[in-house]
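Enquirer: Right, I'll just put the structure down here and ask away after.
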There are 2 protein chains.
Amino acid sequence: MSSEPGDSTLSAWRNGAAKRAILDFVARVTTMGHPDFVPPADRIAVFDNDGTLWVEQPLPVQACFVLDRIRALAPQHPEWRNQQPFKAVLENNVAGIMAVGMDGLTEMVMATHAGMSTEAFAALVRDWIAAAHHPRFNRPYTDLVYQPMLELLALLRANDFKTFIVSGGGIEFMRTFSDAIYGIPAEQVIGSSIVTRYIVQDGEPVLVREAKLHFFGDKEGKPVAINTHVGRRPIAAFGNSDGDFAMLEWVTNGPGARFGLIVHHDDADREYAYDRDAGLARLARGLDEGPGRGWTIAGVRNDWNGVFPF
Amino acid sequence: MSSEPGDSTLSAWRNGAAKRAILDFVARVTTMGHPDFVPPADRIAVFDNDGTLWVEQPLPVQACFVLDRIRALAPQHPEWRNQQPFKAVLENNVAGIMAVGMDGLTEMVMATHAGMSTEAFAALVRDWIAAAHHPRFNRPYTDLVYQPMLELLALLRANDFKTFIVSGGGIEFMRTFSDAIYGIPAEQVIGSSIVTRYIVQDGEPVLVREAKLHFFGDKEGKPVAINTHVGRRPIAAFGNSDGDFAMLEWVTNGPGARFGLIVHHDDADREYAYDRDAGLARLARGLDEGPGRGWTIAGVRNDWNGVFPF
């Protein structure tokens, strides 16, 4: 159902070690009689979303949604003008927003993600994402998907892999667009969630989103979430930051053929450069330990011919 | 992946209102141009497990596993001989076991389901279910699946439905046999779960099961769990007790064509009779309100030609 026609020849990948490693892995696990052959039912591949399948700079897309929702809701919350973290958002105080910490972040997420039905929330996201534009590329966020990764998804599906998103981002946020932009149906999207409650209102059943965290799906939460939703260990994992380290570690430690790949954002001209090499700590352990663990490091600058489909 | 050849002609269903309602629904939602047509991606059907897909009398299968595990672990827990609820189990005191209440039940579940890795737990279940026998039919529990429901699963899949199990039972318990006996892969099994933690032990990543409830998937938990795992409202739901009421209510209240069916256990000769008509309250609201809500009631005695495959 999630397979679609697509360019599965990896034409947006330059000929090099990363592309060769991908093609070699797929050939080994799909060749009947090969010692690394894996039956189709066990061909599960998991992908981080932000920074792996689409752009996450200068801010993750869901964070932009949060900020825009706070601005939209501000008239109903005059108290926010004097109350952090909302004050910083309404004053466009970037340093202040960056300094809110985990509690402030949680407060902003709950103020914008809870207190409505699942259907009402999905409609809010759909309306927002249809109108919002990326500040640098001046295009809808849904255009800012990585062409090489779309080709990789298509290649895997053409080889009977089932592809899942496993993100620290909100599960119900991603499900509004995952099928349209990645060909990944809602049931193959895994992420963080808030508590949802079933109630019947005037005879109509409704699922209401409550201002309470249910599951945080980043870092060590990724293997836990995969176990909950998929029920077995995937054979391939794709990420781009140390938030994906545990997922790659778990996946690549299993028996038989395994594949782990990290997208290395090192191209400020065509996209962004923002890992440890740029003075940030987002990808330190993965760069240090990845090669020794047999993981493939795919650099945007050298491994990708094109970055976006446009 | 989960579709298989099978008898999709419903030959174990007697010609009657229930069989006609099923065939009519499937015809309507799969006929292009029909006002009730549903695209394949939205053809989601959810099934309760115990009492809907396989036998749940005289005790749910997972409860038998709990009791057998307590007996097997007793030598390592001499204190259990004087400690309820374990004492009642070790003394085969049926009245005492029935009287343990929710706290006692939780204590027994945690003593038998937690404290090991997910892989070790799955191995325990597989070993147990390969050896255990049903007390009346003297066959492995995995033989005691309902032939009419297997045919229904096959019919739906042959018509591009994706079939899910949605049970109050343990998600990791069911996943050890769901593919083999129902053709339902692990990622389409939804149920109750305990907290699982990712740790690295001597360089080996392990998912450890902790003695703490993560999610209780019965009653109002069923629509919540479907939303978490599937991400949209199914169009068909099948259950057998008031634990399935909320699931059927949510599913059948959606727009467009909808189908709800309750298996009515009224055949003590061929299986069991154990709903309200037998003096128990397991299926009271469903029998009262189901017909008015358009749900189909399928009686084992009159609607099923055969009960088990053997």
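Just so we're on the same page: first chain in the structure tokens is A, next is B, and so on; residues restart at 1 for each chain, and ligands are numbered from 1 in the order they show up.
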Residues of chain A near chain B: apply a cut-off of 10 Å, count only C-alpha atoms, and supply the list as a PyMOL selection string.
Expert: chain A and resi 1-2+40-41+118-119+160+162+171-172+175-176+185-191+193-200+203-208+214-215+219-232+246-247+249-254
Enquirer: Skip range 122-134 of chain A itself and residues of its chain fewer than 5 positions away, then list as a list in words all residues within 8 Å of it, counting only C-alpha atoms.
Expert: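 The residues satisfying every condition are Phe65, Arg139, Pro140, Tyr141, Thr142, Glu172, Phe173, Thr176 and Phe177 of chain A.
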Enquirer: Would you mind listing what lies within 12 Å of Thr296 in chain B as number ranges by chain, with only C-alpha atoms counted and same-chain residues fewer than 6 positions away left out?
Expert: B: 16-22, 25, 236-240, 248, 252, 258-264, 286-287, 289-290, 303
Enquirer: Please run DSSP on the backbone and report, as a ChimeraX atom specification, all residues within range 113-235 of chain A that come out as helix (DSSP H, G or I).
Expert: /A:113,118-131,141-143,147-158,171-174,178-182,186-188,221-229
Enquirer: Would you mind exporting N, CA and C atoms of the selected residues as a short mmCIF file (atom, residue, chain, number, x, y, z; two decimals), in the first residue's frame?
Expert:
data_model
loop_
_atom_site.label_atom_id
_atom_site.label_comp_id
_atom_site.auth_asym_id
_atom_site.auth_seq_id
_atom_site.Cartn_x
_atom_site.Cartn_y
_atom_site.Cartn_z
N HIS A 113 -0.76 22.19 21.52
CA HIS A 113 -1.07 20.85 21.03
C HIS A 113 -2.21 20.17 21.78
N THR A 118 -8.48 15.10 18.43
CA THR A 118 -7.43 14.70 17.48
C THR A 118 -7.76 15.24 16.08
N GLU A 119 -9.04 15.25 15.73
CA GLU A 119 -9.41 15.73 14.40
C GLU A 119 -9.19 17.23 14.26
N ALA A 120 -9.52 17.98 15.32
CA ALA A 120 -9.31 19.43 15.29
C ALA A 120 -7.82 19.74 15.20
N PHE A 121 -7.00 18.98 15.94
CA PHE A 121 -5.56 19.22 15.90
C PHE A 121 -5.01 18.95 14.49
N ALA A 122 -5.42 17.84 13.91
CA ALA A 122 -4.94 17.51 12.55
C ALA A 122 -5.33 18.61 11.56
N ALA A 123 -6.52 19.16 11.71
CA ALA A 123 -6.95 20.23 10.80
C ALA A 123 -6.09 21.48 10.98
N LEU A 124 -5.74 21.81 12.24
CA LEU A 124 -4.85 22.95 12.51
C LEU A 124 -3.51 22.77 11.81
N VAL A 125 -2.95 21.57 11.92
CA VAL A 125 -1.64 21.31 11.32
C VAL A 125 -1.74 21.40 9.80
N ARG A 126 -2.78 20.79 9.25
CA ARG A 126 -2.94 20.80 7.78
C ARG A 126 -3.08 22.23 7.25
N ASP A 127 -3.88 23.04 7.94
CA ASP A 127 -4.06 24.43 7.49
C ASP A 127 -2.75 25.19 7.60
N TRP A 128 -2.02 24.98 8.70
CA TRP A 128 -0.78 25.71 8.90
C TRP A 128 0.26 25.33 7.85
N ILE A 129 0.42 24.02 7.64
CA ILE A 129 1.50 23.58 6.75
C ILE A 129 1.21 23.92 5.30
N ALA A 130 -0.06 24.09 4.97
CA ALA A 130 -0.40 24.48 3.59
C ALA A 130 -0.03 25.94 3.33
N ALA A 131 0.10 26.73 4.40
CA ALA A 131 0.33 28.17 4.22
C ALA A 131 1.75 28.60 4.60
N TYR A 141 7.19 23.96 3.64
CA TYR A 141 8.09 22.98 4.27
C TYR A 141 7.98 21.62 3.58
N THR A 142 6.80 21.31 3.07
CA THR A 142 6.61 20.00 2.44
C THR A 142 7.38 19.86 1.13
N ASP A 143 7.93 20.98 0.62
CA ASP A 143 8.83 20.89 -0.55
C ASP A 143 10.26 20.58 -0.11
N GLN A 147 15.65 14.85 -1.71
CA GLN A 147 15.48 14.00 -2.90
C GLN A 147 16.24 12.66 -2.77
N PRO A 148 17.50 12.67 -2.29
CA PRO A 148 18.21 11.38 -2.18
C PRO A 148 17.49 10.41 -1.23
N MET A 149 16.85 10.95 -0.19
CA MET A 149 16.17 10.08 0.77
C MET A 149 14.84 9.57 0.19
N LEU A 150 14.16 10.39 -0.59
CA LEU A 150 12.95 9.91 -1.27
C LEU A 150 13.31 8.74 -2.19
N GLU A 151 14.43 8.87 -2.89
CA GLU A 151 14.87 7.79 -3.78
C GLU A 151 15.22 6.53 -2.98
N LEU A 152 15.83 6.74 -1.81
CA LEU A 152 16.19 5.61 -0.96
C LEU A 152 14.93 4.90 -0.45
N LEU A 153 13.92 5.67 -0.02
CA LEU A 153 12.64 5.07 0.40
C LEU A 153 12.05 4.24 -0.75
N ALA A 154 12.08 4.81 -1.95
CA ALA A 154 11.51 4.12 -3.11
C ALA A 154 12.28 2.84 -3.42
N LEU A 155 13.60 2.93 -3.33
CA LEU A 155 14.43 1.74 -3.59
C LEU A 155 14.10 0.62 -2.60
N LEU A 156 14.00 0.99 -1.32
CA LEU A 156 13.73 -0.02 -0.30
C LEU A 156 12.36 -0.65 -0.51
N ARG A 157 11.36 0.18 -0.78
CA ARG A 157 10.00 -0.36 -0.98
C ARG A 157 9.94 -1.24 -2.22
N ALA A 158 10.67 -0.85 -3.26
CA ALA A 158 10.71 -1.67 -4.48
C ALA A 158 11.32 -3.03 -4.17
N ILE A 171 3.80 12.49 16.93
CA ILE A 171 3.27 11.46 16.04
C ILE A 171 2.07 11.99 15.24
N GLU A 172 1.20 12.76 15.90
CA GLU A 172 -0.01 13.22 15.19
C GLU A 172 0.29 14.42 14.30
N PHE A 173 1.36 15.14 14.59
CA PHE A 173 1.82 16.22 13.72
C PHE A 173 2.28 15.62 12.39
N MET A 174 3.16 14.64 12.46
CA MET A 174 3.76 14.06 11.24
C MET A 174 2.75 13.31 10.38
N SER A 178 2.75 12.70 6.25
CA SER A 178 3.72 11.64 5.94
C SER A 178 3.36 10.85 4.67
N ASP A 179 2.08 10.59 4.48
CA ASP A 179 1.69 9.81 3.31
C ASP A 179 1.89 10.63 2.04
N ALA A 180 1.49 11.90 2.09
CA ALA A 180 1.57 12.75 0.90
C ALA A 180 3.02 13.02 0.48
N ILE A 181 3.92 13.26 1.44
CA ILE A 181 5.27 13.66 1.01
C ILE A 181 6.28 12.51 1.00
N TYR A 182 6.04 11.47 1.79
CA TYR A 182 6.99 10.34 1.81
C TYR A 182 6.38 9.02 1.34
N ALA A 186 -0.02 6.52 7.92
CA ALA A 186 -0.07 6.90 9.34
C ALA A 186 0.39 5.79 10.26
N GLU A 187 0.01 4.53 9.96
CA GLU A 187 0.35 3.43 10.88
C GLU A 187 1.83 3.11 10.86
N GLN A 188 2.61 3.70 9.95
CA GLN A 188 4.05 3.48 9.94
C GLN A 188 4.81 4.73 10.40
N GLY A 221 14.31 6.53 23.74
CA GLY A 221 12.90 6.29 23.44
C GLY A 221 12.68 5.69 22.06
N LYS A 222 13.64 5.86 21.16
CA LYS A 222 13.43 5.36 19.79
C LYS A 222 13.37 3.82 19.72
N PRO A 223 14.37 3.11 20.27
CA PRO A 223 14.22 1.65 20.25
C PRO A 223 12.98 1.18 21.02
N VAL A 224 12.67 1.85 22.11
CA VAL A 224 11.47 1.48 22.89
C VAL A 224 10.22 1.64 22.02
N ALA A 225 10.13 2.77 21.32
CA ALA A 225 8.95 3.04 20.49
C ALA A 225 8.87 2.07 19.32
N ILE A 226 10.00 1.72 18.73
CA ILE A 226 9.99 0.75 17.63
C ILE A 226 9.47 -0.59 18.14
N ASN A 227 9.93 -0.98 19.33
CA ASN A 227 9.44 -2.24 19.89
C ASN A 227 7.92 -2.19 20.11
N THR A 228 7.41 -1.06 20.60
CA THR A 228 5.97 -0.93 20.84
C THR A 228 5.18 -0.99 19.53
N HIS A 229 5.64 -0.28 18.52
CA HIS A 229 4.83 -0.15 17.30
C HIS A 229 5.11 -1.24 16.27
#
Enquirer: I'd like the interatomic distance between CA of Tyr274 in chain B and CA of Gln57 in chain B, to a tenth of an Å.
Expert: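 Those two atoms sit 8.6 Å apart.
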Enquirer: Between CA of Arg282 in chain B and CA of Val61 in chain B, what is the spacing in Å?
Expert: 17.0 Å
Enquirer: Excluding Glu107 in chain A and its own-chain neighbours fewer than 5 positions away, which residues fall within 10 Å of it when counting only C-alpha atoms? Please give them as a PDB file with N, CA, C and O atoms, in the first residue's frame.
Expert:
ATOM      1  N   GLN A  84       6.566  34.343  30.642  1.00  0.00           N
ATOM      2  CA  GLN A  84       7.477  33.497  29.861  1.00  0.00           C
ATOM      3  C   GLN A  84       6.955  32.064  29.852  1.00  0.00           C
ATOM      4  O   GLN A  84       6.271  31.687  30.784  1.00  0.00           O
ATOM      5  N   PRO A  85       7.203  31.281  28.834  1.00  0.00           N
ATOM      6  CA  PRO A  85       8.028  31.582  27.647  1.00  0.00           C
ATOM      7  C   PRO A  85       7.282  32.355  26.557  1.00  0.00           C
ATOM      8  O   PRO A  85       7.892  32.730  25.560  1.00  0.00           O
ATOM      9  N   PHE A  86       5.976  32.578  26.773  1.00  0.00           N
ATOM     10  CA  PHE A  86       5.163  33.176  25.705  1.00  0.00           C
ATOM     11  C   PHE A  86       5.596  34.600  25.355  1.00  0.00           C
ATOM     12  O   PHE A  86       5.594  35.009  24.199  1.00  0.00           O
ATOM     13  N   VAL A 100      14.437  29.012  26.833  1.00  0.00           N
ATOM     14  CA  VAL A 100      13.276  28.607  27.647  1.00  0.00           C
ATOM     15  C   VAL A 100      13.490  27.300  28.403  1.00  0.00           C
ATOM     16  O   VAL A 100      12.825  27.042  29.398  1.00  0.00           O
ATOM     17  N   MET A 102      13.645  23.027  29.028  1.00  0.00           N
ATOM     18  CA  MET A 102      12.703  21.929  28.796  1.00  0.00           C
ATOM     19  C   MET A 102      11.304  22.247  29.337  1.00  0.00           C
ATOM     20  O   MET A 102      10.311  21.928  28.702  1.00  0.00           O
ATOM     21  N   THR A 112      -0.227  24.607  22.710  1.00  0.00           N
ATOM     22  CA  THR A 112      -0.557  24.612  21.280  1.00  0.00           C
ATOM     23  C   THR A 112      -1.018  23.260  20.760  1.00  0.00           C
ATOM     24  O   THR A 112      -1.577  23.179  19.668  1.00  0.00           O
ATOM     25  N   HIS A 113      -0.761  22.190  21.515  1.00  0.00           N
ATOM     26  CA  HIS A 113      -1.070  20.847  21.026  1.00  0.00           C
ATOM     27  C   HIS A 113      -2.205  20.168  21.784  1.00  0.00           C
ATOM     28  O   HIS A 113      -2.662  19.108  21.361  1.00  0.00           O
ATOM     29  N   ALA A 211      -3.148  17.896  28.211  1.00  0.00           N
ATOM     30  CA  ALA A 211      -1.862  18.592  28.386  1.00  0.00           C
ATOM     31  C   ALA A 211      -0.919  17.782  29.273  1.00  0.00           C
ATOM     32  O   ALA A 211      -0.442  18.253  30.310  1.00  0.00           O
TER      33      ALA A 211
END
Enquirer: From a backbone DSSP assignment, name each residue in range 66-273 of chain B labelled strand (DSSP E), as a PyMOL selection string.
Expert: chain B and resi 162-170+189-201+204-215+236-239+259-264
Enquirer: So, with only C-alpha atoms as the atoms that count, which of B:Val29, B:Val145, B:Val46, B:Leu283 lies closest to Thr163 in chain B?
Expert: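 Closest residue, counting only C-alpha atoms: B:Val46.
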